[in-house]
$ cat input-v8.txt   # compact mmCIF, C-alpha atoms
# COMPACT_ATOMS: atom_id res chain seq x y z
CA MET A 1 84.41 116.24 119.29
CA LYS A 2 80.61 116.52 119.62
CA ARG A 3 80.51 119.09 116.84
CA ARG A 4 82.56 116.73 114.66
CA HIS A 5 80.11 113.88 115.27
CA LEU A 6 77.16 116.17 114.50
CA PHE A 7 78.86 117.28 111.30
CA LEU A 8 79.39 113.69 110.17
CA SER A 9 75.80 112.73 110.97
CA MET A 10 74.68 115.56 108.70
CA VAL A 11 76.90 114.71 105.73
CA LEU A 12 75.92 111.03 105.86
CA THR A 13 72.47 111.95 104.54
CA LEU A 14 74.00 113.37 101.37
CA THR A 15 75.29 110.09 99.97
CA LEU A 16 74.74 109.85 96.20
CA SER A 17 72.22 112.71 96.27
CA ALA A 18 73.87 114.85 93.57
CA CYS A 19 73.42 114.46 89.83
CA ALA A 20 76.37 114.71 87.48
CA GLN A 21 76.36 117.84 85.34
CA THR A 22 75.68 117.43 81.63
CA LYS A 23 77.25 120.60 80.24
CA PHE A 24 80.95 121.36 80.46
CA THR A 25 83.10 124.40 79.74
CA ALA A 26 85.46 124.43 76.79
CA LEU A 27 88.39 123.94 79.18
CA GLU A 28 86.73 120.94 80.86
CA GLN A 29 86.36 119.36 77.43
CA GLN A 30 90.06 119.93 76.65
CA GLN A 31 91.97 119.25 79.87
CA ILE A 32 92.23 115.86 81.62
CA SER A 33 93.06 117.13 85.13
CA ILE A 34 90.81 119.98 86.18
CA GLN A 35 88.91 120.88 89.34
CA ASP A 36 85.25 119.89 89.55
CA PRO A 37 83.23 123.06 90.31
CA THR A 38 80.21 121.01 91.41
CA LEU A 39 81.99 118.79 93.95
CA PHE A 40 81.68 121.04 97.01
CA GLU A 41 79.09 123.42 95.61
CA GLN A 42 76.69 122.97 98.54
CA TYR A 43 78.65 121.23 101.30
CA GLU A 44 82.25 121.01 102.46
CA ALA A 45 82.04 117.25 102.99
CA PHE A 46 79.96 114.32 101.81
CA THR A 47 80.01 110.53 101.88
CA VAL A 48 79.59 107.86 99.24
CA ASP A 49 78.42 104.40 100.23
CA PHE A 50 80.04 102.03 97.72
CA GLY A 51 78.73 99.12 99.78
CA ALA A 52 75.18 99.99 98.71
CA MET A 53 75.98 99.69 95.01
CA ARG A 54 74.46 96.83 93.07
CA ASP A 55 76.54 94.59 90.82
CA LYS A 56 75.19 96.33 87.72
CA ASP A 57 76.33 99.73 89.05
CA TYR A 58 80.02 98.84 88.65
CA SER A 59 82.30 97.34 86.01
CA PHE A 60 86.04 96.87 85.80
CA PRO A 61 87.23 98.72 82.64
CA LEU A 62 88.58 95.56 81.00
CA PRO A 63 87.00 92.62 82.87
CA VAL A 64 89.42 90.00 81.50
CA GLY A 65 92.46 92.27 81.47
CA LYS A 66 95.50 92.07 83.73
CA ALA A 67 96.09 95.24 85.74
CA LYS A 68 99.33 96.57 87.18
CA MET A 69 100.25 99.81 88.89
CA GLY A 70 102.34 102.34 87.02
CA THR A 71 103.61 105.76 88.04
CA ASP A 72 101.52 108.67 89.33
CA ASN A 73 98.66 106.33 90.38
CA ASN A 74 98.19 105.25 86.77
CA VAL A 75 97.05 101.68 86.02
CA GLU A 76 97.93 99.74 82.88
CA ILE A 77 95.32 97.10 82.04
CA GLU A 78 96.63 94.71 79.38
CA THR A 79 94.30 92.65 77.21
CA THR A 80 93.87 91.48 73.60
CA LYS A 81 93.34 93.35 70.33
CA GLY A 82 89.81 94.61 69.77
CA ASP A 83 88.70 94.31 73.41
CA ALA A 84 85.97 96.68 74.60
CA VAL A 85 86.73 99.32 77.24
CA LYS A 86 83.86 99.64 79.74
CA ALA A 87 82.69 102.58 81.86
CA MET A 88 83.41 101.84 85.52
CA PHE A 89 80.30 103.65 86.85
CA GLY A 90 77.40 105.50 85.36
CA GLY A 91 78.04 109.15 84.57
CA VAL A 92 78.55 111.78 81.90
CA VAL A 93 81.45 111.96 79.45
CA ARG A 94 83.36 115.16 80.19
CA LEU A 95 86.18 114.75 77.68
CA SER A 96 86.64 112.60 74.58
CA LYS A 97 89.49 113.50 72.25
CA SER A 98 93.04 112.76 71.19
CA ILE A 99 95.70 114.27 73.46
CA SER A 100 99.45 114.12 72.92
CA SER A 101 101.10 111.30 74.96
CA PHE A 102 97.67 109.89 75.93
CA GLY A 103 96.30 109.06 72.49
CA ASN A 104 92.52 108.83 72.33
CA VAL A 105 91.36 109.50 75.88
CA ILE A 106 87.99 109.61 77.64
CA VAL A 107 87.15 111.14 81.03
CA VAL A 108 83.82 110.29 82.66
CA ARG A 109 82.44 112.31 85.58
CA HIS A 110 80.35 110.27 88.02
CA ASP A 111 77.71 111.09 90.64
CA ASN A 112 79.93 109.55 93.34
CA GLY A 113 82.52 112.35 93.18
CA LEU A 114 84.98 110.36 91.09
CA GLU A 115 86.21 110.83 87.57
CA THR A 116 87.65 107.91 85.59
CA VAL A 117 90.21 108.22 82.81
CA TYR A 118 90.60 105.77 79.91
CA GLY A 119 93.59 106.42 77.63
CA ASN A 120 95.46 104.82 74.71
CA ASN A 121 92.20 103.89 72.98
CA ALA A 122 92.21 102.77 69.36
CA GLU A 123 88.81 104.41 68.99
CA ASN A 124 86.55 106.47 71.25
CA LEU A 125 82.88 105.52 70.94
CA VAL A 126 81.35 108.33 73.01
CA LYS A 127 81.53 112.13 72.95
CA SER A 128 81.46 114.87 75.57
CA GLY A 129 78.01 115.21 77.13
CA ASP A 130 76.99 111.60 76.52
CA HIS A 131 75.39 109.75 79.43
CA VAL A 132 76.88 106.31 80.00
CA LYS A 133 75.96 103.35 82.21
CA ALA A 134 78.32 101.14 84.21
CA GLY A 135 79.57 98.40 81.91
CA GLN A 136 78.74 100.29 78.72
CA THR A 137 81.35 100.03 75.97
CA ILE A 138 82.91 103.46 75.53
CA ALA A 139 86.06 102.68 73.52
CA ILE A 140 88.11 100.02 71.77
CA VAL A 141 91.44 99.26 73.41
CA GLY A 142 94.55 100.50 71.64
CA GLY A 143 98.08 99.17 71.50
CA SER A 144 101.63 99.44 70.31
CA ASN A 145 104.41 96.97 69.48
CA GLY A 146 102.00 94.05 69.66
CA ARG A 147 100.69 94.96 73.14
CA TYR A 148 97.13 96.12 73.75
CA TYR A 149 96.27 98.00 76.92
CA CYS A 150 94.25 100.79 78.51
CA ASP A 151 95.88 103.55 80.57
CA PHE A 152 93.41 103.94 83.40
CA ALA A 153 93.19 106.31 86.38
CA ILE A 154 90.73 107.50 89.01
CA MET A 155 90.58 111.20 89.90
CA VAL A 156 88.91 113.35 92.53
CA ASN A 157 88.77 117.08 91.81
CA GLY A 158 91.44 116.71 89.13
CA SER A 159 93.92 114.82 91.31
CA ARG A 160 94.73 111.16 90.67
CA ILE A 161 94.19 108.92 93.69
CA ASN A 162 95.42 105.43 94.51
CA PRO A 163 92.92 103.24 92.60
CA GLU A 164 93.12 100.55 95.28
CA THR A 165 91.26 102.93 97.59
CA ILE A 166 88.26 102.11 95.40
CA ILE A 167 88.96 98.75 93.73
CA SER A 168 91.16 95.68 93.98
CA LEU A 169 93.47 95.37 90.98
CA GLU A 170 93.90 91.64 91.64
CA SER A 171 90.26 90.58 91.87
CA HIS A 172 88.81 93.54 89.87
CA ARG A 173 86.22 93.95 92.65
CA LEU A 174 84.82 97.15 94.08
CA ARG A 175 85.68 97.72 97.74
CA LYS A 176 82.42 97.73 99.69
CA GLN A 177 82.96 100.65 102.05
CA THR A 178 81.81 104.18 102.80
CA LEU A 179 84.23 106.97 101.89
CA LEU A 180 84.22 110.47 103.33
CA TYR A 181 85.27 113.31 100.98
CA GLU A 182 86.39 116.48 102.75
CA LYS A 183 87.38 119.82 101.27
CA THR A 184 90.82 121.07 102.33
CA SER A 185 92.44 124.48 102.20
CA SER A 186 94.09 123.49 98.90
CA TRP A 187 92.37 122.09 95.80
CA LYS A 188 93.08 118.53 96.92
CA VAL A 189 90.41 116.42 98.61
CA LYS A 190 90.92 114.38 101.78
CA ILE A 191 89.42 110.91 101.40
CA SER A 192 89.05 108.57 104.34
CA VAL A 193 87.27 105.28 105.04
CA LEU A 194 84.38 106.25 107.28
CA ARG A 195 82.74 102.89 107.64
CA GLY A 196 81.82 99.73 105.78
CA PRO A 197 80.24 96.34 106.32
CA ARG A 198 83.60 95.20 107.71
CA LEU A 199 85.87 98.22 108.11
CA GLU A 200 88.67 96.17 109.67
CA GLU A 201 88.76 94.04 106.50
CA SER A 202 88.99 96.92 104.02
CA ASN A 203 92.15 98.19 102.39
CA THR A 204 92.96 100.05 105.63
CA ALA A 205 93.31 96.76 107.49
CA ALA A 206 97.08 96.78 107.21
CA SER A 207 97.17 99.54 109.85
CA GLN A 208 95.81 97.08 112.46
CA TRP A 209 97.51 94.15 114.16
CA TRP A 210 94.92 91.62 112.96
CA CYS A 211 92.48 91.03 110.12
CA TYR A 212 89.76 88.45 109.54
CA PRO A 213 91.13 86.41 106.60
CA LEU A 214 88.04 86.45 104.36
CA ALA A 215 85.64 89.38 104.49
CA GLY A 216 81.96 88.48 104.59
CA ALA A 217 82.62 84.73 104.81
CA LYS A 218 80.36 82.12 106.34
CA VAL A 219 81.58 78.85 107.88
CA ILE A 220 80.69 75.83 105.74
CA SER A 221 82.76 73.32 107.72
CA GLY A 222 84.08 73.72 111.25
CA TYR A 223 87.11 72.41 113.12
CA GLY A 224 87.24 68.86 114.51
CA ARG A 225 86.31 65.32 113.54
CA ARG A 226 83.53 64.82 111.03
CA GLY A 227 82.73 62.12 108.54
CA GLY A 228 85.29 59.78 110.09
CA ARG A 229 88.24 62.10 109.63
CA SER A 230 89.79 65.06 111.35
CA HIS A 231 89.37 68.58 109.97
CA SER A 232 92.36 70.64 111.09
CA GLY A 233 90.92 74.03 110.25
CA VAL A 234 87.76 75.88 109.31
CA ASP A 235 86.31 76.28 105.81
CA LEU A 236 85.17 79.79 104.93
CA LYS A 237 83.15 80.60 101.81
CA THR A 238 82.24 83.75 99.89
CA LYS A 239 82.77 83.90 96.09
CA PRO A 240 85.33 82.45 93.66
CA ASN A 241 88.54 84.51 93.41
CA ASP A 242 87.71 86.55 96.50
CA GLU A 243 90.55 88.28 98.36
CA ILE A 244 92.25 86.31 101.14
CA ARG A 245 94.09 88.48 103.65
CA ALA A 246 96.90 87.79 106.10
CA ALA A 247 95.47 87.41 109.60
CA PHE A 248 98.54 88.92 111.31
CA ASP A 249 101.95 90.38 110.50
CA GLY A 250 104.45 87.69 109.60
CA GLU A 251 106.73 86.02 107.07
CA VAL A 252 105.66 83.67 104.29
CA VAL A 253 107.41 80.32 104.84
CA PHE A 254 105.56 78.27 102.21
CA SER A 255 103.73 79.20 98.99
CA ALA A 256 103.13 76.36 96.53
CA LYS A 257 100.95 73.36 95.77
CA TYR A 258 100.82 70.78 98.55
CA ALA A 259 98.84 67.52 98.26
CA GLY A 260 95.16 67.85 99.24
CA TYR A 261 95.66 71.47 100.28
CA GLY A 262 96.11 72.56 96.66
CA ASN A 263 97.70 76.00 96.51
CA LEU A 264 98.80 76.59 100.10
CA ILE A 265 100.31 79.56 101.91
CA ARG A 266 101.82 79.31 105.40
CA ILE A 267 102.70 82.44 107.36
CA LEU A 268 104.83 82.36 110.50
CA HIS A 269 103.94 84.87 113.21
CA GLY A 270 105.42 85.52 116.63
CA ASN A 271 105.49 83.09 119.56
CA GLY A 272 105.14 79.94 117.44
CA LEU A 273 101.84 80.91 115.77
CA GLU A 274 101.48 79.90 112.13
CA THR A 275 98.45 80.35 109.86
CA TYR A 276 97.53 78.23 106.82
CA TYR A 277 95.49 79.39 103.78
CA SER A 278 94.67 76.77 101.18
CA HIS A 279 92.66 75.66 98.08
CA ASN A 280 93.60 79.06 96.62
CA SER A 281 93.05 79.68 92.91
CA LYS A 282 96.17 81.86 92.97
CA ASN A 283 98.91 82.60 95.52
CA LEU A 284 100.01 86.24 95.42
CA VAL A 285 103.01 86.02 97.77
CA LYS A 286 106.22 84.01 97.75
CA VAL A 287 108.51 82.49 100.37
CA GLY A 288 110.42 85.17 102.25
CA ASP A 289 107.83 87.90 101.75
CA LYS A 290 107.05 89.97 104.83
CA VAL A 291 103.33 90.68 105.11
CA LYS A 292 101.18 92.91 107.27
CA ALA A 293 97.80 92.07 108.73
CA GLY A 294 95.24 92.80 106.01
CA ASP A 295 97.58 92.34 103.04
CA VAL A 296 95.95 90.42 100.18
CA ILE A 297 97.93 87.18 99.84
CA ALA A 298 95.74 84.93 97.64
CA LEU A 299 92.42 84.44 95.88
CA THR A 300 89.85 81.81 96.85
CA GLY A 301 89.63 78.67 94.71
CA ARG A 302 89.07 74.90 94.76
CA THR A 303 92.56 73.51 94.11
CA GLY A 304 93.52 70.30 95.89
CA ARG A 305 90.85 68.23 97.60
CA ALA A 306 87.89 70.63 97.45
CA THR A 307 84.37 70.45 96.04
CA THR A 308 83.65 74.19 96.03
CA GLU A 309 85.61 77.45 96.03
CA HIS A 310 86.47 78.38 99.60
CA LEU A 311 89.29 79.15 102.03
CA HIS A 312 90.57 76.42 104.33
CA PHE A 313 92.07 78.36 107.25
CA GLU A 314 94.21 76.85 110.00
CA THR A 315 95.90 78.18 113.13
CA ARG A 316 98.85 76.18 114.45
CA ILE A 317 101.27 76.64 117.33
CA ASN A 318 104.63 74.93 116.91
CA GLY A 319 103.05 72.73 114.24
CA LYS A 320 100.03 71.61 116.28
CA ALA A 321 96.60 72.58 114.94
CA TYR A 322 94.19 74.46 117.20
CA ASP A 323 90.61 75.48 116.53
CA PRO A 324 90.70 78.90 114.79
CA SER A 325 87.61 79.88 116.82
CA ARG A 326 89.96 80.17 119.81
CA TYR A 327 91.31 83.27 118.09
CA PHE A 328 88.46 84.55 115.90
CA ASP A 329 84.71 84.94 116.29
CA HIS A 330 83.52 83.64 112.90
CA GLN A 331 80.05 85.14 113.19
CA LYS A 332 81.14 88.68 114.07
CA HIS A 333 84.45 88.45 112.15
CA THR A 334 86.29 89.85 115.15
CA ILE A 335 89.39 88.89 117.11
CA ARG A 336 89.26 87.23 120.53
CA GLU A 337 91.66 89.57 122.28
CA LYS A 338 91.87 87.40 125.42
CA ALA A 339 93.81 84.83 123.38
CA PHE A 340 96.63 87.36 122.87
CA HIS A 341 98.78 89.60 124.98
CA LYS A 342 100.53 92.80 124.07
CA THR A 343 104.30 93.14 124.08
CA ARG A 344 106.61 95.99 123.21
CA ASN A 345 106.75 94.70 119.63
CA GLY A 346 103.02 94.12 119.24
CA TYR A 347 100.51 91.38 120.01
CA VAL A 348 101.44 87.69 120.29
CA VAL A 349 99.35 84.61 120.89
CA LYS A 350 99.20 83.23 124.43
CA ARG A 351 100.69 79.76 124.86
$ encode --input "input-v8.txt" --output "structure tokens"
Amino acid sequence: MKRRHLFLSMVLTLTLSACAQTKFTALEQQQISIQDPTLFEQYEAFTVDFGAMRDKDYSFPLPVGKAKMGTDNNVEIETTKGDAVKAMFGGVVRLSKSISSFGNVIVVRHDNGLETVYGNNAENLVKSGDHVKAGQTIAIVGGSNGRYYCDFAIMVNGSRINPETIISLESHRLRKQTLLYEKTSSWKVKISVLRGPRLEESNTAASQWWCYPLAGAKVISGYGRRGGRSHSGVDLKTKPNDEIRAAFDGEVVFSAKYAGYGNLIRILHGNGLETYYSHNSKNLVKVGDKVKAGDVIALTGRTGRATTEHLHFETRINGKAYDPSRYFDHQKHTIREKAFHKTRNGYVVKR
């Protein structure tokens, strides 16, 4: 175990230290999926800190497009005719050509160990060897039968990975976390979340029994009476259309507009506990859905009686509101474990 910790402390210093190659073999310029000979040229593992990236270092390929998962970790991003396809990160164009069943396709190799694929383009605007910046227009979106879309994928060492390891398809945002890339005995690469500003709130949160509902949030209004009226929850603020996550496993019992709450979601958990999430710009779950702690259920907004985009979060037991700070530390974004006890089926709130 000590050797493992020493190994990790060594690879952490390698984050974003490599430079993308600028010359590619004939095969690399012809084939979409191909191993990257530079990836583990010096070390058998390295980390990439996506949390350290600035806003200008990242762009969703079609910022106003609507993304949905397809097969084989492929993403279809639908938009309008003539829209510009953007490079996700800075890097070097490895491949730019027309390939059967993909149409005009571009592959960009990045310093962060990833390669991004942009297919079904009406026109490619870059060629192999070109350096591109994040957000640079590299193609014009193509279409068929009146639909215009980009076939997009993320690869590591020639293998397509789940894009939601890196980005949120709902909010188009980059996940702010540190990833560890490790060489395996085969050509595939093991990728794991090593750390992040809030590891428990990343896309791995569903493996835990709890999750803070809004990563990186600050409290702008607490629980209790203020201004002559009672505030039955806590208001948490980050950015518009940020990801709201289920605090615990449960079942959605309400998902619709409701008076001053605006778009409201209620999730029923064990032992009478129910959580409320409101003022959402968009609800992403429906009544009857079973959710896990950490699942993205909505995006922050200002629907209902709200003056700014935020999440109004409530914790209720058998319909009675209790201060959410009984269950969560809002400064550290951690759970107060003493408020819960463990059963054979998991954790439930104490009554």
$ residues_around --input "input-v8.txt" --residues "Glu170 (chain A)" --least-positions-apart "4" --cutoff "10 Å" --atoms "all atoms listed in the file" --output "list in words"
Lys66, Ala67, Lys68, Glu164, Asn241, Asp242, Glu243, Leu284, Val296, Ala298 and Leu299 of chain A
$ closest_residue --input "input-v8.txt" --among "A:Asp151, A:Glu115, A:Asp57, A:Glu44" --to "Asn74 (chain A)" --atoms "all atoms listed in the file"
A:Asp151
$ residues_around --input "input-v8.txt" --residues "region 254-256 of chain A" --least-positions-apart "3" --cutoff "6 Å" --atoms "all atoms listed in the file" --output "list in words"
Asn263, Leu264, Ile265, Arg266, Lys286 and Val287 of chain A
$ atom_distance --input "input-v8.txt" --atom1 "CA of Gln31 (chain A)" --atom2 "CA of Arg160 (chain A)"
13.8 Å
$ closest_residue --input "input-v8.txt" --among "A:Pro63, A:Gly143, A:Gly304, A:Gly51" --to "Lys257 (chain A)" --atoms "all atoms listed in the file"
A:Gly304
$ closest_residue --input "input-v8.txt" --among "A:Pro240, A:Asp235, A:Thr315, A:Ser98" --to "Ile267 (chain A)" --atoms "only C-alpha atoms"
A:Thr315
$ closest_residue --input "input-v8.txt" --among "A:Thr308, A:Ser168, A:Thr47, A:Ser144" --to "Asp111 (chain A)" --atoms "only C-alpha atoms"
A:Thr47
$ residues_near_point --input "input-v8.txt" --point "(98.7, 94.0, 113.2)" --cutoff "6 Å" --atoms "only C-alpha atoms" --output "PDB file with C-alpha atoms, keeping the file's coordinate frame"
ATOM      1  CA  GLN A 208      95.810  97.080 112.460  1.00  0.00           C
ATOM      2  CA  TRP A 209      97.510  94.150 114.160  1.00  0.00           C
ATOM      3  CA  TRP A 210      94.920  91.620 112.960  1.00  0.00           C
ATOM      4  CA  PHE A 248      98.540  88.920 111.310  1.00  0.00           C
ATOM      5  CA  ASP A 249     101.950  90.380 110.500  1.00  0.00           C
ATOM      6  CA  ALA A 293      97.800  92.070 108.730  1.00  0.00           C
TER       7      ALA A 293
END
$ decode --input "input-v8.txt" --residues "region 42-57 of chain A" --atoms "N, CA, C and O atoms" --output "mmCIF file, in the first residue's frame"
data_model
loop_
_atom_site.group_PDB
_atom_site.id
_atom_site.type_symbol
_atom_site.label_atom_id
_atom_site.label_comp_id
_atom_site.auth_asym_id
_atom_site.auth_seq_id
_atom_site.Cartn_x
_atom_site.Cartn_y
_atom_site.Cartn_z
ATOM 1 N N GLN A 42 6.721 7.587 -21.495
ATOM 2 C CA GLN A 42 7.689 7.763 -20.404
ATOM 3 C C GLN A 42 7.240 7.130 -19.095
ATOM 4 O O GLN A 42 8.073 6.685 -18.310
ATOM 5 N N TYR A 43 5.932 7.098 -18.849
ATOM 6 C CA TYR A 43 5.421 6.618 -17.568
ATOM 7 C C TYR A 43 4.234 5.700 -17.802
ATOM 8 O O TYR A 43 3.526 5.805 -18.804
ATOM 9 N N GLU A 44 4.000 4.801 -16.841
ATOM 10 C CA GLU A 44 2.900 3.856 -16.959
ATOM 11 C C GLU A 44 1.606 4.390 -16.365
ATOM 12 O O GLU A 44 0.586 3.723 -16.408
ATOM 13 N N ALA A 45 1.634 5.596 -15.816
ATOM 14 C CA ALA A 45 0.434 6.227 -15.284
ATOM 15 C C ALA A 45 0.657 7.732 -15.210
ATOM 16 O O ALA A 45 1.788 8.195 -15.072
ATOM 17 N N PHE A 46 -0.415 8.478 -15.347
ATOM 18 C CA PHE A 46 -0.338 9.927 -15.189
ATOM 19 C C PHE A 46 -1.719 10.447 -14.837
ATOM 20 O O PHE A 46 -2.730 9.750 -14.987
ATOM 21 N N THR A 47 -1.771 11.672 -14.337
ATOM 22 C CA THR A 47 -3.046 12.274 -13.972
ATOM 23 C C THR A 47 -3.291 13.523 -14.806
ATOM 24 O O THR A 47 -2.358 14.157 -15.307
ATOM 25 N N VAL A 48 -4.565 13.866 -14.937
ATOM 26 C CA VAL A 48 -4.961 15.113 -15.582
ATOM 27 C C VAL A 48 -5.952 15.818 -14.669
ATOM 28 O O VAL A 48 -6.971 15.239 -14.282
ATOM 29 N N ASP A 49 -5.641 17.042 -14.317
ATOM 30 C CA ASP A 49 -6.490 17.821 -13.422
ATOM 31 C C ASP A 49 -7.415 18.714 -14.243
ATOM 32 O O ASP A 49 -7.067 19.843 -14.603
ATOM 33 N N PHE A 50 -8.607 18.207 -14.544
ATOM 34 C CA PHE A 50 -9.586 18.989 -15.305
ATOM 35 C C PHE A 50 -10.142 20.139 -14.466
ATOM 36 O O PHE A 50 -10.652 21.113 -15.014
ATOM 37 N N GLY A 51 -10.035 20.027 -13.152
ATOM 38 C CA GLY A 51 -10.501 21.096 -12.285
ATOM 39 C C GLY A 51 -9.666 22.359 -12.407
ATOM 40 O O GLY A 51 -10.120 23.452 -12.066
ATOM 41 N N ALA A 52 -8.431 22.231 -12.892
ATOM 42 C CA ALA A 52 -7.543 23.387 -13.019
ATOM 43 C C ALA A 52 -7.747 24.124 -14.342
ATOM 44 O O ALA A 52 -7.171 25.190 -14.549
ATOM 45 N N MET A 53 -8.551 23.555 -15.217
ATOM 46 C CA MET A 53 -8.747 24.192 -16.522
ATOM 47 C C MET A 53 -9.579 25.460 -16.410
ATOM 48 O O MET A 53 -10.535 25.528 -15.646
ATOM 49 N N ARG A 54 -9.195 26.454 -17.191
ATOM 50 C CA ARG A 54 -9.949 27.699 -17.252
ATOM 51 C C ARG A 54 -11.124 27.535 -18.214
ATOM 52 O O ARG A 54 -11.146 26.614 -19.023
ATOM 53 N N ASP A 55 -12.081 28.452 -18.133
ATOM 54 C CA ASP A 55 -13.250 28.372 -19.003
ATOM 55 C C ASP A 55 -12.860 28.365 -20.475
ATOM 56 O O ASP A 55 -13.460 27.661 -21.289
ATOM 57 N N LYS A 56 -11.833 29.124 -20.828
ATOM 58 C CA LYS A 56 -11.441 29.214 -22.239
ATOM 59 C C LYS A 56 -10.701 27.968 -22.734
ATOM 60 O O LYS A 56 -10.426 27.843 -23.930
ATOM 61 N N ASP A 57 -10.372 27.048 -21.808
ATOM 62 C CA ASP A 57 -9.668 25.822 -22.192
ATOM 63 C C ASP A 57 -10.616 24.698 -22.589
ATOM 64 O O ASP A 57 -10.168 23.591 -22.913
#
